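Visitor: Pasting in a structure now, in structure tokens, and then I'll have a few things to ask.
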Number of protein chains: 4
Amino acid sequence: MKRCFGSDNYSGAHSRIIEAIANANNLHTYAYGEDEYTEHAVHTFKKYFGENVGVRFVFNGTAANVLSIRTITDSYNAIICAETAHLYFDECGAVERFTGCHFITIKTINGKISINDLNSISYKFGNQHCPQPKVISISQPTELGTLYSLEEINSIANFAHENNMLLHMDGARLSNASASMNLTLKEISFDLGVDVLSFGGTKNGMLFGDAIIFKDNSLLKNFKYLRKQGMQLASKMRFIAVQFDELFHDDLWLENARHSNKMASLLKDRLMNIPKITIKQEVETNVVFAYLPIEYVDVIKNETPFLLWNEKESLVRFMCGFDTEEKDIDDFICLLIKTLNND
Amino acid sequence: MKRCFGSDNYSGAHSRIIEAIANANNLHTYAYGEDEYTEHAVHTFKKYFGENVGVRFVFNGTAANVLSIRTITDSYNAIICAETAHLYFDECGAVERFTGCHFITIKTINGKISINDLNSISYKFGNQHCPQPKVISISQPTELGTLYSLEEINSIANFAHENNMLLHMDGARLSNASASMNLTLKEISFDLGVDVLSFGGTKNGMLFGDAIIFKDNSLLKNFKYLRKQGMQLASKMRFIAVQFDELFHDDLWLENARHSNKMASLLKDRLMNIPKITIKQEVETNVVFAYLPIEYVDVIKNETPFLLWNEKESLVRFMCGFDTEEKDIDDFICLLIKTLNND
Amino acid sequence: MKRCFGSDNYSGAHSRIIEAIANANNLHTYAYGEDEYTEHAVHTFKKYFGENVGVRFVFNGTAANVLSIRTITDSYNAIICAETAHLYFDECGAVERFTGCHFITIKTINGKISINDLNSISYKFGNQHCPQPKVISISQPTELGTLYSLEEINSIANFAHENNMLLHMDGARLSNASASMNLTLKEISFDLGVDVLSFGGTKNGMLFGDAIIFKDNSLLKNFKYLRKQGMQLASKMRFIAVQFDELFHDDLWLENARHSNKMASLLKDRLMNIPKITIKQEVETNVVFAYLPIEYVDVIKNETPFLLWNEKESLVRFMCGFDTEEKDIDDFICLLIKTLNND
Amino acid sequence: MKRCFGSDNYSGAHSRIIEAIANANNLHTYAYGEDEYTEHAVHTFKKYFGENVGVRFVFNGTAANVLSIRTITDSYNAIICAETAHLYFDECGAVERFTGCHFITIKTINGKISINDLNSISYKFGNQHCPQPKVISISQPTELGTLYSLEEINSIANFAHENNMLLHMDGARLSNASASMNLTLKEISFDLGVDVLSFGGTKNGMLFGDAIIFKDNSLLKNFKYLRKQGMQLASKMRFIAVQFDELFHDDLWLENARHSNKMASLLKDRLMNIPKITIKQEVETNVVFAYLPIEYVDVIKNETPFLLWNEKESLVRFMCGFDTEEKDIDDFICLLIKTLNND
């Protein structure tokens with residue numbers, strides 16, 4: 001399939017990632033994360049996220065989210081998040097199944113929960129009939145591509161901590177947020193009060209692999225058992241580790257994220273010139289949400305895949321990736337114009 | 001670390017596997033297993049295991065075992081297996097946690113359960129107080145490197161089916177069994193009555209990835225939800241698929257397995273000449289179990305890692321892999337002789 | 001404590017229930033539900049709910065709800081219900097923990113979900129990333145004391161069945177609905193398309209015990225294992241059975257329910273005359289919701305308990321029971337007038 | 001059914017228990033365990049088990065066992081117990097399902113595990129692949145009616161504590177142990193190092209209800225959520241509480257237990273005179289295990305129920321209860337003699 005706008009995991013990996021794997025494919029090393037590659041990658045993460053963080057690798061983003069939550073909750077806890085949170089909506093119930101936790105969801109317009117939302121919930125702390133709120137989970141950027149401001153995250157973190165809750169951040173595309181906000185990964189996460197972070201690699205040019213980063217090492221003690229029990233202990237862990245290490249080397253992560261953000265911005269500019277298409281909202285990262293008349297969706301998707309986000313609203317999603325090229329956008333715009341005008 | 005005998009996942013991947021990944025790293029394709037690479041790999045599996053089998057890929061062997069069991073049980077079921085079964089002993093309780101099932105374990109001498117063992121269990125079918133036996137799980141080869149004969153597997157399968165149970169085979173190293181028995185993968189699994197098979201790739205030269213193979217397609221219907229909920233849905237699935245496809249191409253799997261078996265056999269022959277070492281049992285696959293005086297274990301392991309299997313018995317495990325070379329064995333034998341004679 | 005309006009489980013049991021237990025306390029019988037008392041009670045249920053229903057007893061309402069759902073779902077399913085549903089809000093996450101299922105909740109004004117609500121949900125049937133909707137759960141009466149009409153239930157049932165879902169009804173106070181609507185228990189449940197019903201006994205005069213009623217026997221086959229695994233198999237089951245049997249004898253259930261409904265109606269009439277109190281909504285069963293100025297809540301509750309339902313809205317709940325007497329209402333109204341006028 | 005030897009839950013409740021319930025059936029009180037009856041019963045328990053213990057009530061013995069374990073473990077822990085432990089064998093997998101824990105079972109001759117057994121297990125503390133042993137669970141008396149000596153329990157407790165494990169005691173029939181050993185309930189449990197105790201009421205004359213007793217209050221903090229989530233929070237809790245209070249009043253528990261023990265002893269004496277019957281072992285509590293030729297089992301059971309414990313061994317169980325009368329034994333011996341001689 002030619003390059004399309006379906007998702008940032010329709011792409012392969014960055015060529016440097018493949019090379020890094022090939023370079024690590026070398027003699028023997030300890031299995032199950034006790035190897036020097038993993039140690040080195042953890043060291044690299046500390047340079048980006050702070051010396052005190054605890055870092056562990058898992059296979060995918062679902063696992064990063066589920067094991068993040070599992071580590072900081074007991075089964076009678078509740079998680080507060082947006083109704084659109086991947087954690088809630090897109091994990092086929094993995095959170096409930098593996099943690100036992102209960103969701104309290106918030107309807108939002110743009111994927112972001114606000115302090116007002118949090119204040120409107122009736123918290124039944126100490127009431128034995130009710131799951132006990134323990135985690136607020138936000139996605140940065142959100143599933144709608146929007147960004148929380150520093151102040152917004154900080155106030156949510158404060159709210160969480162004042163109520164004996166913890167803040168989880170789903171950072172499947174945190175690199176794109178960092179690139180967009182022109183702030184370091186640490187400045188937009190732990191510096192604002194995040195307690196646990198799912199950090200995505202797959203969507204930013206890796207083959208597979210995500211990281212869980214804990215604010216400090218104290219939560220790592222029993223994590224190894226939870227990871228193994230969660231079927232997420234990679235035997236040849238070095239091959240996740242070296243991908244991340246390469247991603248941070250010479251800031252490949254940032255280059256990839258900046259590029260995909262820029263491509264989305266370009267795509268949006270081009271889409272704005274097409275009369276039958278309406279951009280839903282400001283493009284802040286690597287995704288464009290737009291309204292496209294429903295009767296054209298299938299025919300265009302069959303040619304160049306993208307996502308029909310909400311059929312009733314005729315809302316579609318165009319995702320750009322590290323490998324999107326200007327020519328891909330040119331071609332797609334041509335296709336759109338041709339199809340929409342054919343009518 | 002130089003090549004050692006610690007485990008068949010201390011190695012990297014076969015160079016052809018890396019090449020296959022690089023070759024598939026090409027433009028876009030559908031994510032989450034809906035791509036043409038996955039379809040092709042499934043097709044390849046059917047050639048080896050039978051046209052009617054259902055095949056799905058997961059990240060690792062733990063997941064292959066757990067999701068195999070999850071698909072064919074309800075939470076009130078019991079699983080019968082050897083006390084040494086990886087499923088029971090080495091998954092940190094993942095089976096219990098994710099399936100809810102109960103284990104009925106059998107003590108064995110060599111990792112193999114027998115019809116006598118199965119006959120000696122008191123089955124409480126229909127008794128509401130007792131978990132209902134539903135699965136017999138055997139490993140081929142066993143965790144002790146031994147092999148069930150065709151007759152043994154067949155009789156266990158018959159026993160299972162006569163009692164409305166199913167037979168699961170943990171084939172993390174099934175390739176080694178096939179190579180050793182000089183029989184096809186199908187002849188030593190589905191032809192004998194196996195219902196669900198965990199088929200390992202990582203231990204035979206892949207980077208990561210295992211397959212679950214169902215006797216027929218009927219169990220696949222809801223499997224996709226169980227896999228996603230089990231955190232095992234790879235977004236860039238093609239990169240598991242092409243590894244397997246390459247493994248089957250020109251029978252690389254068989255070449256690898258034959259080689260590691262041969263190396264184990266050679267290692268055993270050499271070990272037999274060392275007076276302080278006693279071979280535990282016939283070497284049937286790619287592993288040698290031997291008794292090594294406990295006082296030497298650490299010093300040798302520090303030089304060239306292997307596994308202290310049972311400290312009380314002073315029993316150690318030497319595992320050979322697709323990449324073990326004769327020179328590795330020569331060097332190791334030298335080390336052993338030198339260390340043991342130094343005394 | 002004198003009789004109050006805290007909940008219909010602040011009361012003891014009806015005296016006839018205690019007598020029935022005493023009368024069954026007689027020699028020996030089979031344990032775990034294989035006794036003649038249980039058989040007889042099941043027979044009685046069939047007279048009220050239809051000859052084909054399957055009936056099983058559990059200890060409490062939480063278990064009736066959880067095991068109802070567990071029996072008709074797999075762990076990757078979703079349950080659709082009102083945000084106020086006891087099942088979602090008041091079981092401390094027991095549903096998620098024991099079934100693994102995911103909740104899709106609907107905000108409502110009066111506790112009732114509508115066909116419009118159901119139509120507004122985006123169903124992702126067949127999408128492996130999303131929990132698969134399988135159950136719509138409604139409470140009759142709702143937790144807010146309101147009643148669904150026959151047409152409303154029927155249309156929800158039809159919607160469920162057209163979408164391959166099942167309808168669960170939480171009937172913890174179904175007797176009050178039946179009494180209020182002047183229709184039989186069967187007419188307001190299975191005749192309308194209910195598939196599984198939690199039928200409450202404790203709130204209508206029993207010591208303890210709830211029933212799960214399945215539309216037909218087909219779901220009973222494995223229920224016994226789920227109940228035992230759910231810690232809900234009573235050894236001396238006869239003592240739940242005889243309570244239900246007595247409840248149905250001479251329609252004690254109906255007498256109790258009519259009485260508590262009538263008392264709530266009376267209480268409402270009296271409350272309407274108190275200027276500082278506003279009745280929230282029509283009283284349809286045995287509960288009155290009213291707005292009471294927040295500053296008086298504690299002092300009155302300390303004298304005669306009731307429930308502060310929503311502190312922010314200053315909304316309180318007064319629940320009447322089978323044992324509420326007119327004098328209790330008189331006394332309470334006096335207390336209210338005295339306290340509210342004291343200001 | 002006339003009184004038989006099937007189980008100590010074939011009986012009803014002691015008449016004083018029914019009276020206690022009737023006496024508590026009086027006006028209103030707080031629901032869900034916040035009532036004065038529950039407080040009083042907890043106070044009574046402290047007199048028997050020590051001032052520092054924490055006490056909570058649940059519906060049945062399964063729940064007492066499961067919630068005991070749940071409170072002191074995480075899902076990656078392992079429980080060590082005898083293969084005959086009720087916890088392992090007779091709860092339909094409730095422990096695995098609700099706690100996620102893994103069982104390591106020990107084969108025994110008489111239901112008792114020994115320090116030798118515990119020493120023979122290979123503990124993989126700290127190994128991420130293996131469930132981490134956290135609880136040793138023993139039954140006193142065992143499911144075979146045998147008793148651990150004080151020294152035996154004490155040494156198991158010490159072993160547990162030295163290895164950072166806790167000792168759980170399944171005391172479903174602890175009253176019988178206390179009566180038999182002529183020691184207080186505290187002397188045979190917490191004084192010996194027990195950390196958590198399941199204390200049975202149903203089998204010693206109650207209608208329903210079991211208690212969980214923690215060595216100290218520290219574990220109670222989150223227990224309320226676990227109990228509710230475990231579907232074990234009784235709304236009209238007072239009716240469990242008053243049963244226990246009555247059981248301790250004037251030492252009814254002890255009178256009942258002494259009586260049932262005495263009846264078992266008498267039964268054994270009488271059985272010893274029947275040539276075709278062999279007593280399996282010393283009778284230490286209220287149960288007699290004996291070998292009865294298999295061909296007679298059904299015909300006798302149909303007349304007067306008892307339990308066929310192990311068909312292959314032709315081993316049967318005769319259980320006496322608080323309500324067993326000498327005449328019941330006379331009649332049963334007559335039946336046995338008549339049936340066995342008829343041959």
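Letters A, B, ... mark the chains of the structure tokens in the order given; residue numbers begin at 1 per chain; ligand numbers begin at 1, in order shown.
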If the cut-off is 9 Å, can you tell me the residues of chain D near chain C, counting only C-alpha atoms? I'd like them as a PyMOL selection string.
Guide: chain D and resi 1-4+6-7+9-15+18-19+21-22+24-32+59-63+66+91-95+97-98+202+207-208+225-226+228-236+238-239+305+323
Visitor: Compile the contact shell of stretch 178-190 of chain C as a VMD selection string: residues with an atom at most 7 Å away, counting only C-alpha atoms, same-chain residues fewer than 6 positions apart removed.
Guide: chain C and resid 48 to 49 150 215 254 257 to 258 284 to 285
Visitor: Only N, CA, C and O atoms, please: the residues just picked out, written as a short mmCIF file (atom, residue, chain, number, x, y, z; two decimals), in the first residue's frame.
Guide:
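Written file, again_29.cif:
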data_model
loop_
_atom_site.label_atom_id
_atom_site.label_comp_id
_atom_site.auth_asym_id
_atom_site.auth_seq_id
_atom_site.Cartn_x
_atom_site.Cartn_y
_atom_site.Cartn_z
N TYR C 48 -45.14 -17.53 39.43
CA TYR C 48 -45.21 -16.07 39.30
C TYR C 48 -44.53 -15.53 38.04
O TYR C 48 -44.92 -14.50 37.51
N PHE C 49 -43.50 -16.24 37.59
CA PHE C 49 -42.70 -15.68 36.49
C PHE C 49 -42.77 -16.49 35.20
O PHE C 49 -42.21 -16.09 34.19
N LEU C 150 -44.55 0.19 30.35
CA LEU C 150 -44.46 -1.08 29.61
C LEU C 150 -43.85 -0.85 28.23
O LEU C 150 -43.01 -1.62 27.77
N LYS C 215 -34.72 -16.09 31.78
CA LYS C 215 -35.89 -16.28 30.92
C LYS C 215 -36.18 -17.75 30.67
O LYS C 215 -37.32 -18.18 30.64
N LEU C 254 -46.69 -8.68 47.94
CA LEU C 254 -47.51 -7.62 47.37
C LEU C 254 -48.06 -6.72 48.47
O LEU C 254 -48.07 -5.49 48.35
N ALA C 257 -45.24 -4.54 49.59
CA ALA C 257 -44.89 -3.53 48.59
C ALA C 257 -45.97 -2.45 48.51
O ALA C 257 -45.67 -1.25 48.43
N ARG C 258 -47.21 -2.88 48.52
CA ARG C 258 -48.30 -1.89 48.49
C ARG C 258 -48.22 -0.97 49.70
O ARG C 258 -48.42 0.23 49.59
N GLU C 284 -43.61 7.37 42.64
CA GLU C 284 -44.23 6.23 41.96
C GLU C 284 -44.10 4.93 42.74
O GLU C 284 -44.80 3.97 42.46
N THR C 285 -43.15 4.88 43.66
CA THR C 285 -42.99 3.63 44.43
C THR C 285 -42.85 3.96 45.92
O THR C 285 -43.67 4.70 46.44
#
Visitor: Just the residues within 10 Å of B:Gln140, please, counting only C-alpha atoms, with nothing from its chain fewer than 3 positions along; format it as a list in words.
Guide: Gly111, Lys112, Ser137, Glu143, Leu144, Gly145, Thr146, Leu147, Tyr148, Ser149, Ile153, Met169, Asp170, Gly171, Ala172, Arg173, Leu174, Ser175, Asn176, Ala177, Ser178, Ile188 and Ser189 of chain B
Visitor: Output as a PyMOL selection string all residues of stretch 53-293 of chain D that backbone DSSP marks as strand (DSSP E or B).
Guide: chain D and resi 54-58+77-82+102-106+132-139+166-171+196-200+210-214+278-279+287-291
Visitor: Per DSSP on the backbone, what are the helix (DSSP H, G or I) residues of stretch 2-250 of chain C, as a ChimeraX atom specification?
Guide: /C:15-24,36-49,61-72,86-89,94-99,115-120,150-162,174-181,190-192,202-204,217-220,223-229,238-250
Visitor: Which residues are close to C:Leu308, i.e. within 12 Å by only C-alpha atoms, leaving aside same-chain residues fewer than 5 positions away? Reply as a PyMOL selection string.
Guide: chain C and resi 5-7+289-298+300-302+313-319
Visitor: Would you mind telling me which residue in A:Thr142, A:Asp250, A:His168, A:Phe89 lies nearest to C:Asn127 when using only C-alpha atoms?
Guide: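 Smallest separation from C:Asn127 among the options: A:Phe89.
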Visitor: What separation in Å, quoted to one decimal, exists between atom CA of B:Asn217 and atom CA of C:Cys130?
Guide: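 Computing it gives 22.0 Å between the two atoms.
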Visitor: Do a neighbour search on D:Leu336 at 10 Å with only C-alpha atoms, toss out local chain neighbours closer than 2 positions, and write the hits as a ChimeraX atom specification.
Guide: /D:271,274,276-277,292,296-297,299-300,304,330-334,338-342
Visitor: Suppose you want the space between atom CA of D:Ala160 and atom CA of D:Ile213; what is it in Å?
Guide: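 Spanning atom CA of D:Ala160 to atom CA of D:Ile213 is a straight-line distance of 18.2 Å.
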